[in-house]
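Following: one structure in structure tokens, then a few remarks.
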Amino acid sequence: MHKPKMVVFDLDYTLWPFWVDTHVDPPFHKDESGVVLDARRQRVSLYKDTVEILTSLHNQGIKIGLASRTVEVDGANQLLSLFNLNQYISFKEIYPGSKVTHFKKLQGDSGFQYTDMMFFDDEQRNISDISRLGVHCVLVPNGVTLRLVNEELMRFSSKSHT
């Protein structure tokens, strides 16, 4: 099966069910039981399949990248650390601006062609922009799921790649 060399995820409403810059209040921390909380002591969580997806891709040797336009860069990085996700992630582009800029940097840093990448995001404008580069893009309606990722890996492998 032909697999992408890198799968890139947005963060907000893709790996976790909130906007890190508006819906939760950094700084974040873990309580004594290991639950991640924001500054108001509200529980912060990932979508239920997030860890399993990242583990699966990582175990298949597929590099994982992040592309987020959030202005809350420190909070996003803090959550990635508290959720122990950094162990799976090879490339991170987390800053405001165009996702095209993120992908140009991801392509340059990784050396992978756009056609060897897959991208999951919840916003149609980002899907439209990035698909023009030749990236296999997937609109995520309600958070990324293992089923969606596996379906798209099959779809990616059935496309003809040069």
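Starting from 1 in every chain, residues are counted up; chains themselves are A, B, ... following the order of the structure tokens, and ligands are numbered from 1 as listed.
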
Which parts of segment 6-142 of chain A does DSSP call helix (DSSP H, G or I) when run on the backbone here, written out as an mmCIF file with N, CA and C atoms, in the first residue's frame?
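After the write, selection-v2.cif holds the following:
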data_model
loop_
_atom_site.group_PDB
_atom_site.id
_atom_site.type_symbol
_atom_site.label_atom_id
_atom_site.label_comp_id
_atom_site.auth_asym_id
_atom_site.auth_seq_id
_atom_site.Cartn_x
_atom_site.Cartn_y
_atom_site.Cartn_z
ATOM 1 N N THR A 50 -7.609 10.717 19.035
ATOM 2 C CA THR A 50 -6.379 11.445 18.702
ATOM 3 C C THR A 50 -5.115 10.647 19.011
ATOM 4 N N VAL A 51 -4.979 10.146 20.221
ATOM 5 C CA VAL A 51 -3.750 9.441 20.603
ATOM 6 C C VAL A 51 -3.591 8.164 19.782
ATOM 7 N N GLU A 52 -4.669 7.436 19.590
ATOM 8 C CA GLU A 52 -4.603 6.197 18.801
ATOM 9 C C GLU A 52 -4.197 6.479 17.356
ATOM 10 N N ILE A 53 -4.694 7.550 16.783
ATOM 11 C CA ILE A 53 -4.334 7.928 15.411
ATOM 12 C C ILE A 53 -2.851 8.251 15.323
ATOM 13 N N LEU A 54 -2.376 9.099 16.224
ATOM 14 C CA LEU A 54 -0.962 9.492 16.175
ATOM 15 C C LEU A 54 -0.050 8.301 16.427
ATOM 16 N N THR A 55 -0.426 7.440 17.344
ATOM 17 C CA THR A 55 0.357 6.231 17.625
ATOM 18 C C THR A 55 0.413 5.334 16.396
ATOM 19 N N SER A 56 -0.721 5.124 15.767
ATOM 20 C CA SER A 56 -0.798 4.254 14.590
ATOM 21 C C SER A 56 0.068 4.785 13.446
ATOM 22 N N LEU A 57 -0.070 6.065 13.133
ATOM 23 C CA LEU A 57 0.731 6.645 12.055
ATOM 24 C C LEU A 57 2.216 6.565 12.379
ATOM 25 N N HIS A 58 2.568 6.903 13.600
ATOM 26 C CA HIS A 58 3.966 6.860 14.042
ATOM 27 C C HIS A 58 4.527 5.440 13.910
ATOM 28 N N ASN A 59 3.760 4.442 14.323
ATOM 29 C CA ASN A 59 4.200 3.052 14.248
ATOM 30 C C ASN A 59 4.328 2.549 12.818
ATOM 31 N N VAL A 73 0.165 30.396 20.672
ATOM 32 C CA VAL A 73 1.235 29.452 20.366
ATOM 33 C C VAL A 73 1.725 28.748 21.631
ATOM 34 N N ASP A 74 1.969 29.497 22.687
ATOM 35 C CA ASP A 74 2.468 28.896 23.931
ATOM 36 C C ASP A 74 1.461 27.912 24.516
ATOM 37 N N GLY A 75 0.185 28.285 24.518
ATOM 38 C CA GLY A 75 -0.845 27.397 25.040
ATOM 39 C C GLY A 75 -0.956 26.116 24.234
ATOM 40 N N ALA A 76 -0.889 26.228 22.913
ATOM 41 C CA ALA A 76 -0.950 25.038 22.057
ATOM 42 C C ALA A 76 0.230 24.115 22.347
ATOM 43 N N ASN A 77 1.417 24.683 22.448
ATOM 44 C CA ASN A 77 2.603 23.867 22.735
ATOM 45 C C ASN A 77 2.533 23.251 24.131
ATOM 46 N N GLN A 78 1.977 23.994 25.080
ATOM 47 C CA GLN A 78 1.832 23.468 26.434
ATOM 48 C C GLN A 78 0.883 22.262 26.435
ATOM 49 N N LEU A 79 -0.222 22.362 25.701
ATOM 50 C CA LEU A 79 -1.153 21.234 25.627
ATOM 51 C C LEU A 79 -0.521 20.025 24.947
ATOM 52 N N LEU A 80 0.234 20.251 23.884
ATOM 53 C CA LEU A 80 0.907 19.137 23.214
ATOM 54 C C LEU A 80 1.829 18.411 24.187
ATOM 55 N N SER A 81 2.499 19.173 25.026
ATOM 56 C CA SER A 81 3.390 18.589 26.024
ATOM 57 C C SER A 81 2.608 17.859 27.122
ATOM 58 N N LEU A 82 1.584 18.499 27.673
ATOM 59 C CA LEU A 82 0.806 17.888 28.752
ATOM 60 C C LEU A 82 0.088 16.613 28.310
ATOM 61 N N ASN A 86 4.046 15.237 21.779
ATOM 62 C CA ASN A 86 5.278 15.604 21.071
ATOM 63 C C ASN A 86 6.106 14.399 20.647
ATOM 64 N N GLN A 87 5.949 13.277 21.346
ATOM 65 C CA GLN A 87 6.706 12.080 20.996
ATOM 66 C C GLN A 87 6.355 11.567 19.594
ATOM 67 N N TYR A 88 5.201 11.941 19.069
ATOM 68 C CA TYR A 88 4.764 11.474 17.759
ATOM 69 C C TYR A 88 5.051 12.481 16.644
ATOM 70 N N LYS A 99 -1.934 28.988 5.947
ATOM 71 C CA LYS A 99 -1.507 27.589 5.985
ATOM 72 C C LYS A 99 -0.565 27.281 4.820
ATOM 73 N N VAL A 100 -0.640 28.064 3.757
ATOM 74 C CA VAL A 100 0.309 27.880 2.651
ATOM 75 C C VAL A 100 1.732 28.120 3.156
ATOM 76 N N THR A 101 1.920 29.151 3.968
ATOM 77 C CA THR A 101 3.232 29.426 4.568
ATOM 78 C C THR A 101 3.662 28.248 5.438
ATOM 79 N N HIS A 102 2.750 27.716 6.235
ATOM 80 C CA HIS A 102 3.053 26.548 7.065
ATOM 81 C C HIS A 102 3.540 25.394 6.193
ATOM 82 N N PHE A 103 2.826 25.136 5.101
ATOM 83 C CA PHE A 103 3.167 23.990 4.259
ATOM 84 C C PHE A 103 4.460 24.200 3.484
ATOM 85 N N LYS A 104 4.742 25.409 3.086
ATOM 86 C CA LYS A 104 6.034 25.663 2.420
ATOM 87 C C LYS A 104 7.179 25.345 3.377
ATOM 88 N N LYS A 105 7.002 25.717 4.641
ATOM 89 C CA LYS A 105 8.031 25.424 5.647
ATOM 90 C C LYS A 105 8.086 23.924 5.926
ATOM 91 N N LEU A 106 6.938 23.270 6.044
ATOM 92 C CA LEU A 106 6.915 21.816 6.251
ATOM 93 C C LEU A 106 7.599 21.082 5.099
ATOM 94 N N GLN A 107 7.322 21.526 3.884
ATOM 95 C CA GLN A 107 7.929 20.893 2.710
ATOM 96 C C GLN A 107 9.438 21.101 2.715
ATOM 97 N N GLY A 108 9.866 22.321 3.004
ATOM 98 C CA GLY A 108 11.299 22.613 3.034
ATOM 99 C C GLY A 108 12.027 21.858 4.133
ATOM 100 N N ASP A 109 11.431 21.801 5.308
ATOM 101 C CA ASP A 109 12.076 21.122 6.443
ATOM 102 C C ASP A 109 12.096 19.607 6.285
ATOM 103 N N SER A 110 11.047 19.053 5.710
ATOM 104 C CA SER A 110 10.943 17.590 5.595
ATOM 105 C C SER A 110 11.602 17.055 4.329
ATOM 106 N N TYR A 114 4.778 17.774 -1.889
ATOM 107 C CA TYR A 114 3.394 17.991 -1.455
ATOM 108 C C TYR A 114 2.516 16.773 -1.757
ATOM 109 N N THR A 115 2.791 16.107 -2.888
ATOM 110 C CA THR A 115 1.987 14.943 -3.275
ATOM 111 C C THR A 115 2.210 13.741 -2.362
ATOM 112 N N ASP A 116 3.217 13.806 -1.489
ATOM 113 C CA ASP A 116 3.477 12.746 -0.511
ATOM 114 C C ASP A 116 2.936 13.112 0.867
ATOM 115 N N GLN A 124 -12.808 24.725 5.595
ATOM 116 C CA GLN A 124 -12.797 24.555 4.146
ATOM 117 C C GLN A 124 -11.783 25.475 3.463
ATOM 118 N N ARG A 125 -11.619 26.711 3.958
ATOM 119 C CA ARG A 125 -10.668 27.637 3.312
ATOM 120 C C ARG A 125 -9.255 27.071 3.335
ATOM 121 N N ASN A 126 -8.868 26.398 4.423
ATOM 122 C CA ASN A 126 -7.539 25.803 4.497
ATOM 123 C C ASN A 126 -7.421 24.603 3.561
ATOM 124 N N ILE A 127 -8.471 23.802 3.495
ATOM 125 C CA ILE A 127 -8.490 22.653 2.586
ATOM 126 C C ILE A 127 -8.338 23.140 1.148
ATOM 127 N N SER A 128 -9.070 24.192 0.784
ATOM 128 C CA SER A 128 -8.993 24.740 -0.578
ATOM 129 C C SER A 128 -7.596 25.253 -0.891
ATOM 130 N N ASP A 129 -7.018 26.034 0.031
ATOM 131 C CA ASP A 129 -5.677 26.601 -0.188
ATOM 132 C C ASP A 129 -4.619 25.516 -0.343
ATOM 133 N N ILE A 130 -4.641 24.539 0.522
ATOM 134 C CA ILE A 130 -3.580 23.535 0.559
ATOM 135 C C ILE A 130 -3.750 22.493 -0.542
ATOM 136 N N SER A 131 -4.982 22.198 -0.925
ATOM 137 C CA SER A 131 -5.173 21.227 -2.006
ATOM 138 C C SER A 131 -4.577 21.742 -3.316
#

Query raised in the report: Tell me, which residues of segment 105-161 of chain A carry DSSP strand (DSSP E or B), written as a count of residues only?
Result: 9

If you take only C-alpha atoms and a cut-off of 12 Å, which residues of segment 90-149 of chain A touch segment 18-39 of chain A, and what are their nearest atom pairs and distances in Å to one decimal, in chain and number order, as CSV?
residue,atom,partner,partner_atom,distance
A:Ile94,CA,A:Val20,CA,11.7
A:Tyr95,CA,A:Asp21,CA,11.5
A:Pro96,CA,A:Asp21,CA,11.1
A:Asp122,CA,A:Phe18,CA,11.3
A:Asn142,CA,A:Phe18,CA,10.9
A:Gly143,CA,A:Phe18,CA,9.9

Just N, CA and C atoms for this one: save the residues we selected as a short mmCIF file (atom, residue, chain, number, x, y, z; two decimals), in the first residue's frame.
data_model
loop_
_atom_site.label_atom_id
_atom_site.label_comp_id
_atom_site.auth_asym_id
_atom_site.auth_seq_id
_atom_site.Cartn_x
_atom_site.Cartn_y
_atom_site.Cartn_z
N ILE A 94 3.25 26.29 14.15
CA ILE A 94 2.16 26.80 14.96
C ILE A 94 2.37 28.31 15.15
N TYR A 95 1.66 29.09 14.35
CA TYR A 95 1.72 30.54 14.42
C TYR A 95 0.65 31.10 13.49
N PRO A 96 0.21 32.34 13.73
CA PRO A 96 -0.81 32.95 12.86
C PRO A 96 -0.27 33.13 11.43
N ASP A 122 -10.34 21.34 9.85
CA ASP A 122 -11.78 21.54 9.99
C ASP A 122 -12.30 22.73 9.19
N ASN A 142 -16.17 16.84 12.45
CA ASN A 142 -16.38 16.84 13.91
C ASN A 142 -15.21 16.20 14.63
N GLY A 143 -14.02 16.62 14.35
CA GLY A 143 -12.84 16.03 14.97
C GLY A 143 -12.36 14.82 14.18
#

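The two atoms in question, atom CA of Ile62 of chain A and atom CA of Val7 of chain A, are spaced 7.0 Å apart.
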
Query raised in the report: Counting only C-alpha atoms, what is within 12 Å of Asn150 of chain A, bar same-chain residues fewer than 3 positions away, as a VMD selection string?
Result: chain A and resid 3 to 4 7 49 52 to 54 56 to 57 118 138 144 to 147 153 to 157

Report summary line: Counting only C-alpha atoms, closest pick from A:Arg132, A:Leu46, A:Ile89, A:Phe120 relative to Leu148 of chain A is A:Phe120

Please provide as an mmCIF file with N, CA and C atoms, in the first residue's frame all residues within 7 Å of Phe9 of chain A, with the sequence filter that same-chain residues fewer than 3 positions apart are discarded (counting only C-alpha atoms).
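Contents of out16.cif, as written:
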data_model
loop_
_atom_site.group_PDB
_atom_site.id
_atom_site.type_symbol
_atom_site.label_atom_id
_atom_site.label_comp_id
_atom_site.auth_asym_id
_atom_site.auth_seq_id
_atom_site.Cartn_x
_atom_site.Cartn_y
_atom_site.Cartn_z
ATOM 1 N N GLY A 65 3.075 15.939 11.117
ATOM 2 C CA GLY A 65 3.299 17.376 11.207
ATOM 3 C C GLY A 65 2.061 18.068 11.739
ATOM 4 N N LEU A 66 2.263 19.274 12.240
ATOM 5 C CA LEU A 66 1.160 20.108 12.703
ATOM 6 C C LEU A 66 1.205 21.434 11.970
ATOM 7 N N ALA A 67 0.031 21.944 11.623
ATOM 8 C CA ALA A 67 -0.086 23.257 10.991
ATOM 9 C C ALA A 67 -1.275 23.963 11.621
ATOM 10 N N PHE A 119 -3.360 16.024 4.648
ATOM 11 C CA PHE A 119 -3.670 17.101 5.588
ATOM 12 C C PHE A 119 -5.111 17.008 6.059
ATOM 13 N N PHE A 120 -5.307 17.069 7.381
ATOM 14 C CA PHE A 120 -6.630 17.060 7.996
ATOM 15 C C PHE A 120 -6.873 18.402 8.671
ATOM 16 N N ASP A 121 -7.997 19.050 8.352
ATOM 17 C CA ASP A 121 -8.327 20.368 8.902
ATOM 18 C C ASP A 121 -9.843 20.515 8.938
#

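Our summary of the geometry notes that atom CA of Arg40 of chain A is positioned 28.5 Å from atom CA of Val140 of chain A.
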
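We find atom CA of Gln113 of chain A and atom CA of Leu85 of chain A to be spaced 24.5 Å apart.
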
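Nearest to Gln60 of chain A of all the residues A:His2, A:Tyr13, A:Phe83, A:Gly111 is A:His2, based on only C-alpha atoms.
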
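Distances from A:Lys63, A:Arg69, A:Arg41, A:Lys48 to Asp10 of chain A were compared using only C-alpha atoms, and the smallest one belongs to A:Arg69.
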